[in-house]
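Visitor: Submitted below is the structure of interest, expressed as structure tokens.
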Protein chains: 4
Amino acid sequence: MTPTARKPWQSAIAEFTPDGINVRGYDVLNDLVGRIDFGEMVYLLLTGELPKGQEGRMINAVFVAVADHGISPSSTVTRFVQAAGVPIQCSVAAGVMMFGDIHGGAGQELARNVQALVAEAKSSARSFDEVAQDFVAAHKRIDGFGHPQHPEGDPRTRILFELADAYGVAGDHIAMTRALEQALARRARRPIPANIDSAIGAIALDLGLDWRLARALLVIPRTAGLFAHAHEEMTREPGWRQVPMDQIGYDGPPPRQP
Amino acid sequence: MTPTARKPWQSAIAEFTPDGINVRGYDVLNDLVGRIDFGEMVYLLLTGELPKGQEGRMINAVFVAVADHGISPSSTVTRFVQAAGVPIQCSVAAGVMMFGDIHGGAGQELARNVQALVAEAKSSARSFDEVAQDFVAAHKRIDGFGHPQHPEGDPRTRILFELADAYGVAGDHIAMTRALEQALARRARRPIPANIDSAIGAIALDLGLDWRLARALLVIPRTAGLFAHAHEEMTREPGWRQVPMDQIGYDGPPPRQP
Amino acid sequence: MTPTARKPWQSAIAEFTPDGINVRGYDVLNDLVGRIDFGEMVYLLLTGELPKGQEGRMINAVFVAVADHGISPSSTVTRFVQAAGVPIQCSVAAGVMMFGDIHGGAGQELARNVQALVAEAKSSARSFDEVAQDFVAAHKRIDGFGHPQHPEGDPRTRILFELADAYGVAGDHIAMTRALEQALARRARRPIPANIDSAIGAIALDLGLDWRLARALLVIPRTAGLFAHAHEEMTREPGWRQVPMDQIGYDGPPPRQP
Amino acid sequence: MTPTARKPWQSAIAEFTPDGINVRGYDVLNDLVGRIDFGEMVYLLLTGELPKGQEGRMINAVFVAVADHGISPSSTVTRFVQAAGVPIQCSVAAGVMMFGDIHGGAGQELARNVQALVAEAKSSARSFDEVAQDFVAAHKRIDGFGHPQHPEGDPRTRILFELADAYGVAGDHIAMTRALEQALARRARRPIPANIDSAIGAIALDLGLDWRLARALLVIPRTAGLFAHAHEEMTREPGWRQVPMDQIGYDGPPPRQP
């Protein structure tokens, strides 16, 4: 095969075939559908390879853990937008936008940090504990630890880390995250456990995902919850959402004239 | 327990607990994570109950089949928006919006029709074939059949319907969709098979989902593909997308002055 | 000039020139900037022609009237999304999505109705009052009249209709809207005035806009308010929005086990 | 009046009144509609005060200059999304998201820089030229100067700066931007003029806007263009947009089996 020029829309993800579509070289319809589950497919899409071990089970566990979080900031936005009468995929899209740098996206930045700390420990031949302790000493506040709705620790983190051990996917990045938890707890004299965002960041890295994709493991499954909320909003609510007047305050200039 | 007043944000989907969160009454962390897969979790979220049969496997099959479609309208939009330098969940959200009434959402309207046709056949004691033939005779064009990229039939439809048979989830709505395919083929003297949108609509109904949620089975898995495209765009492309000038034409008023 | 083939991206709106850009044939930089105001530019973009009368002033009046509405559904959504830490144009975009068929978009459907009623009156040589009365008699509820926040009538409607008279832009569609108001008031024995959505729909039609663009007159100016809210949210609020737990209720299945 | 507790939705932007709404203390319907134009209203919303000079005219000039840019990245996205069959405000919202850090948003970061450079010159009593030259010497590439579609300089910048002079609103930030242009030109031995993004950033600052709002002056007016494109797409195009197959290339793994 002779090399071909780069096209305006060049991609290594998928290729159309007479039979359908190949993803990362695999014939989706003939070789994947009915044989792998969605967790494995997500792994293939995001890393480029099929799992060699239990990575698919790990992704399923994460996805089940975070598929919904009740009336949370993202479902609130989806429900507000749905109440305005737009197609369901648009209200879900609005909720998806919520997983920004503060809400949910924090894990991505942490994933970047954790990746750097692991590299630092390895290149300097220092222990993870030492490196974590220095990092904590140098930063007053570290995003991704603590959770306003779970002050005593997000139980999802504990369970997912245990499963990562059980499935054999826990590696350096979960280890470093645990080292950070311990360093933070020593400083604060109380537990400040990794919240679900950092847990997902660490798991994403140990699965071999690029840190830029950490929040994918939160957003993909949560779309299921957002669809459920949008549907409930459109079928059970009166079709108009607004903040009650008694929750609104004004503190701008007093009445005046031009 | 005395009945409590309805709250402004009332939901039957999930409930916060000291241990985490219950979804549809089930303790997610202690009873679901690591025990059910994401296909089963989606079924729980969208129908309110855990699968009794192989519904979860069916959802996994659908999700694997549609998780990516290469450079498609939705991934094109996600890549354009990613190239503008926004957070990844925002470019994914823009791609999600694409599953509107034309692209991808067609199946939802078809699901509504198919549901009505099944009800009509049952109430009038007529065969599905008769009802389908009358419906085809009354409509010049039926959305959800045929696909511009797969003129000879979307192979995903055939495979998914076969799996629905194998998993024991195929029911009246897939049967009615097949009856519509045959009636259309008779009229056109060539196959006009159900495209992936209608296939998903029929499967959604046979799984017990409300027709308003049909497109959820397309959008949830596709977010995985959209993340892959957004990531590829940000790591391999030069960071600026625009339509080349030679593809742009102007046919408005000639130059003039106020 | 020989006719040229239609390009993939064909448009009658604007044409690139060596000097910049022509919109609808006019040289923006040399002939429009500094000479027309934004109200006139909006008219040019949406109708294809520069105003011949005071259409630009009318658009300015509408835009000033609706540029902000305080803590409203759209600004609430923008503020929620901004609080999640996304770029400001993304939180504004989420607020823009709110102007759907229920919130704000109602005027578009009404505009379509009003256009049809005017046509009906003219073709049947009946008075606007008769046609409006029949329409009201045939419909239990008519979207676009009444407003939950202004039960006694949206004062914006009255002022804008008065200005439309003063500027000489009021025509058949405002007249028909007033006929509908009177017919509704007779039926309900109390005023049910056109809300701002229908007012804008009627004004849009009398300005010569297609009914599909009615909501543009609401959305374009409101983006100014949404930017102000997003900015205030990011500079004055603590960076995390969520519904307080005491406003959340659960009414799904009681705790159960798989 | 006794001080009141801060409400969950506290704002200094607008206050509901029995008569309608006050914005920044002014009664919109009785004192602003029909008296100020939209440029002045935008100034009021974004700075908190009515213009004292010709700031409103300046905003009108900017808004007319940037209200549309033909088939540009943002209108392309709006048209793609519109072609998928969503409500018009959703396709406009998708286009709005495009004004991110690369496309259009660059001016915001530049505004921040320019603000810092002006402060630096003032505090160190050095000339703007010196400070600009040092900044250019220290940065290989400066966002906001040069434009792929206008290699010889965006003519919009020149015209808008001239108008800023004429209207008496040009101040330190436009001066510093001009100093940067000169320093860049000296280094490159060819003009590298401020593009429209930086021009708007400098104008925003000289108008007294916070740098975080610089892109508002681009996005608010462009929604008018995006509505025009969405409307043209839905009324003149066949309702399906996709990248032609001959523009798509695949360079991932060759066909393989699991």
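Chains: A, B, ... in order of the structure tokens. Residues: from 1 per chain. Ligands: from 1, in order shown.
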Residues within 12 Å of Gly95 in chain D, please, as JSON, numbers by chain. Count only C-alpha atoms; anything in the same chain fewer than 6 positions from it doesn't count.
Guide: {"B": [77, 78, 80, 81, 82, 84, 90, 91, 94, 95, 97], "C": [89, 90, 92, 93, 94, 96, 97], "D": [71, 72, 73, 74, 75, 76, 77, 78, 79, 80, 81, 82, 88, 89, 103, 104, 219, 220, 222, 223, 224, 225, 226, 227, 229, 230]}
Visitor: Starting from chain A, keep only residues with some atom at most 7 Å from an atom of chain B, counting only C-alpha atoms, and report them as a ChimeraX atom specification.
Guide: /A:13-15,19-21,28-29,33-34,37-38,41-42,45-46,60-61,63-65,69-70,89-90,93-94,96-97,99,155-156,216,220,223-225,227-228
Visitor: Could you save those same residues with C-alpha atoms as a PDB file, in the first residue's frame?
Guide:
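Contents of selection_19.pdb, as written:
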```pdb
ATOM      1  CA  ILE A  13     -10.029   5.943  15.445  1.00  0.00           C
ATOM      2  CA  ALA A  14     -12.276   4.327  12.889  1.00  0.00           C
ATOM      3  CA  GLU A  15     -12.508   3.427   9.224  1.00  0.00           C
ATOM      4  CA  ASP A  19     -19.468  -4.131   5.991  1.00  0.00           C
ATOM      5  CA  GLY A  20     -19.813  -1.297   8.440  1.00  0.00           C
ATOM      6  CA  ILE A  21     -17.035   0.182  10.478  1.00  0.00           C
ATOM      7  CA  VAL A  28     -17.175  -3.763  15.045  1.00  0.00           C
ATOM      8  CA  LEU A  29     -20.129  -5.737  13.767  1.00  0.00           C
ATOM      9  CA  VAL A  33     -20.728  -6.701  18.954  1.00  0.00           C
ATOM     10  CA  GLY A  34     -22.026  -9.417  21.246  1.00  0.00           C
ATOM     11  CA  ASP A  37     -19.075  -5.339  26.596  1.00  0.00           C
ATOM     12  CA  PHE A  38     -19.268  -1.577  26.633  1.00  0.00           C
ATOM     13  CA  MET A  41     -15.289  -0.909  24.009  1.00  0.00           C
ATOM     14  CA  VAL A  42     -14.642   2.294  25.959  1.00  0.00           C
ATOM     15  CA  LEU A  45     -11.791   3.734  22.001  1.00  0.00           C
ATOM     16  CA  LEU A  46      -9.841   5.677  24.614  1.00  0.00           C
ATOM     17  CA  ASN A  60     -17.881  -1.118  34.362  1.00  0.00           C
ATOM     18  CA  ALA A  61     -17.396  -0.678  38.102  1.00  0.00           C
ATOM     19  CA  PHE A  63     -19.471   3.551  35.375  1.00  0.00           C
ATOM     20  CA  VAL A  64     -21.958   1.874  37.728  1.00  0.00           C
ATOM     21  CA  ALA A  65     -20.610   3.889  40.676  1.00  0.00           C
ATOM     22  CA  HIS A  69     -25.772  11.166  41.781  1.00  0.00           C
ATOM     23  CA  GLY A  70     -29.380  12.198  42.350  1.00  0.00           C
ATOM     24  CA  GLN A  89     -30.219  15.496  23.925  1.00  0.00           C
ATOM     25  CA  CYS A  90     -29.853  19.276  24.326  1.00  0.00           C
ATOM     26  CA  ALA A  93     -25.675  18.317  26.684  1.00  0.00           C
ATOM     27  CA  ALA A  94     -26.165  21.240  29.059  1.00  0.00           C
ATOM     28  CA  VAL A  96     -22.524  17.477  30.367  1.00  0.00           C
ATOM     29  CA  MET A  97     -21.013  20.965  30.182  1.00  0.00           C
ATOM     30  CA  PHE A  99     -18.176  18.689  34.370  1.00  0.00           C
ATOM     31  CA  PRO A 155     -17.320   6.068  49.888  1.00  0.00           C
ATOM     32  CA  ARG A 156     -17.125   5.571  46.129  1.00  0.00           C
ATOM     33  CA  ALA A 216     -14.456  10.905  30.266  1.00  0.00           C
ATOM     34  CA  ILE A 220     -19.842   9.002  29.708  1.00  0.00           C
ATOM     35  CA  THR A 223     -25.164  10.786  30.590  1.00  0.00           C
ATOM     36  CA  ALA A 224     -27.297   7.777  31.561  1.00  0.00           C
ATOM     37  CA  GLY A 225     -28.323   9.516  34.772  1.00  0.00           C
ATOM     38  CA  PHE A 227     -31.263  11.066  30.477  1.00  0.00           C
ATOM     39  CA  ALA A 228     -33.190   9.597  33.419  1.00  0.00           C
TER      40      ALA A 228
END
```
Visitor: Counting only C-alpha atoms, what is within 6 Å of range 108-113 of chain A, bar same-chain residues fewer than 3 positions away, as a PDB file with N, CA and C atoms, in the first residue's frame?
Guide:
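Okay, around.pdb is ready:
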```
ATOM      1  N   GLY A 105     -14.378  18.010  36.987  1.00  0.00           N
ATOM      2  CA  GLY A 105     -13.163  18.045  36.181  1.00  0.00           C
ATOM      3  C   GLY A 105     -11.899  18.133  37.026  1.00  0.00           C
ATOM      4  N   ALA A 116       2.811  13.486  37.247  1.00  0.00           N
ATOM      5  CA  ALA A 116       4.106  14.148  37.432  1.00  0.00           C
ATOM      6  C   ALA A 116       4.795  13.661  38.705  1.00  0.00           C
ATOM      7  N   GLY A 201      -9.481   9.967  38.372  1.00  0.00           N
ATOM      8  CA  GLY A 201      -8.244  10.384  37.707  1.00  0.00           C
ATOM      9  C   GLY A 201      -7.155   9.340  37.873  1.00  0.00           C
ATOM     10  N   ALA A 202      -6.996   8.852  39.117  1.00  0.00           N
ATOM     11  CA  ALA A 202      -5.944   7.863  39.376  1.00  0.00           C
ATOM     12  C   ALA A 202      -6.226   6.551  38.646  1.00  0.00           C
ATOM     13  N   TRP A 211      -4.132  11.718  30.760  1.00  0.00           N
ATOM     14  CA  TRP A 211      -4.807  12.494  31.810  1.00  0.00           C
ATOM     15  C   TRP A 211      -5.904  13.405  31.238  1.00  0.00           C
ATOM     16  N   ALA A 214      -9.319  11.867  31.671  1.00  0.00           N
ATOM     17  CA  ALA A 214      -9.790  11.389  32.971  1.00  0.00           C
ATOM     18  C   ALA A 214     -11.282  11.656  33.151  1.00  0.00           C
TER      19      ALA A 214
END
```
Visitor: Fewer than 6 positions away in the same chain doesn't count, so skip those; otherwise give me all residues within 6 Å of range 167-183 of chain C, counting only C-alpha atoms, as a list in words.
Guide: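 Skipping anything fewer than 6 positions along the chain leaves Gln54, Phe128, Asp129, Ala132, Gln133, Pro193, Ala202 and Asp206 of chain C.
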Visitor: In range 31-233 of chain C, what's helix (DSSP H, G or I) per DSSP? Answer as a PyMOL selection string?
Guide: chain C and resi 31-32+38-47+55-66+73-83+88-97+106-124+128-138+155-166+172-188+196-206+211-213+216-233
Visitor: CA of Gly252 in chain B to CA of Arg6 in chain C: how many Å, to one decimal?
Guide: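 Separation between CA of Gly252 in chain B and CA of Arg6 in chain C: 12.4 Å.
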Visitor: Quote the spacing between CA of Arg189 in chain A and CA of Val131 in chain A in Å to one decimal place.
Guide: 19.2 Å
Visitor: Could you pull the residues within 8 Å of Leu184 in chain A, counting only C-alpha atoms, minus those fewer than 5 positions along the same chain, as a ChimeraX atom specification?
Guide: /A:133,136,191-192
Visitor: So how far away is CA of Ala194 in chain B from CA of Glu120 in chain B, in Å?
Guide: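 Value for the CA of Glu120 in chain B-CA of Ala194 in chain B distance: 20.5 Å.
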Visitor: Neighbours of Gly144 in chain A within 8 Å (only C-alpha atoms; same-chain residues fewer than 3 positions away dropped), as a list in words?
Guide: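 The residues satisfying every condition are Ala106, Gly107, Leu110, Ala194, Asn195, Ile196, Asp197 and Ser198 of chain A.
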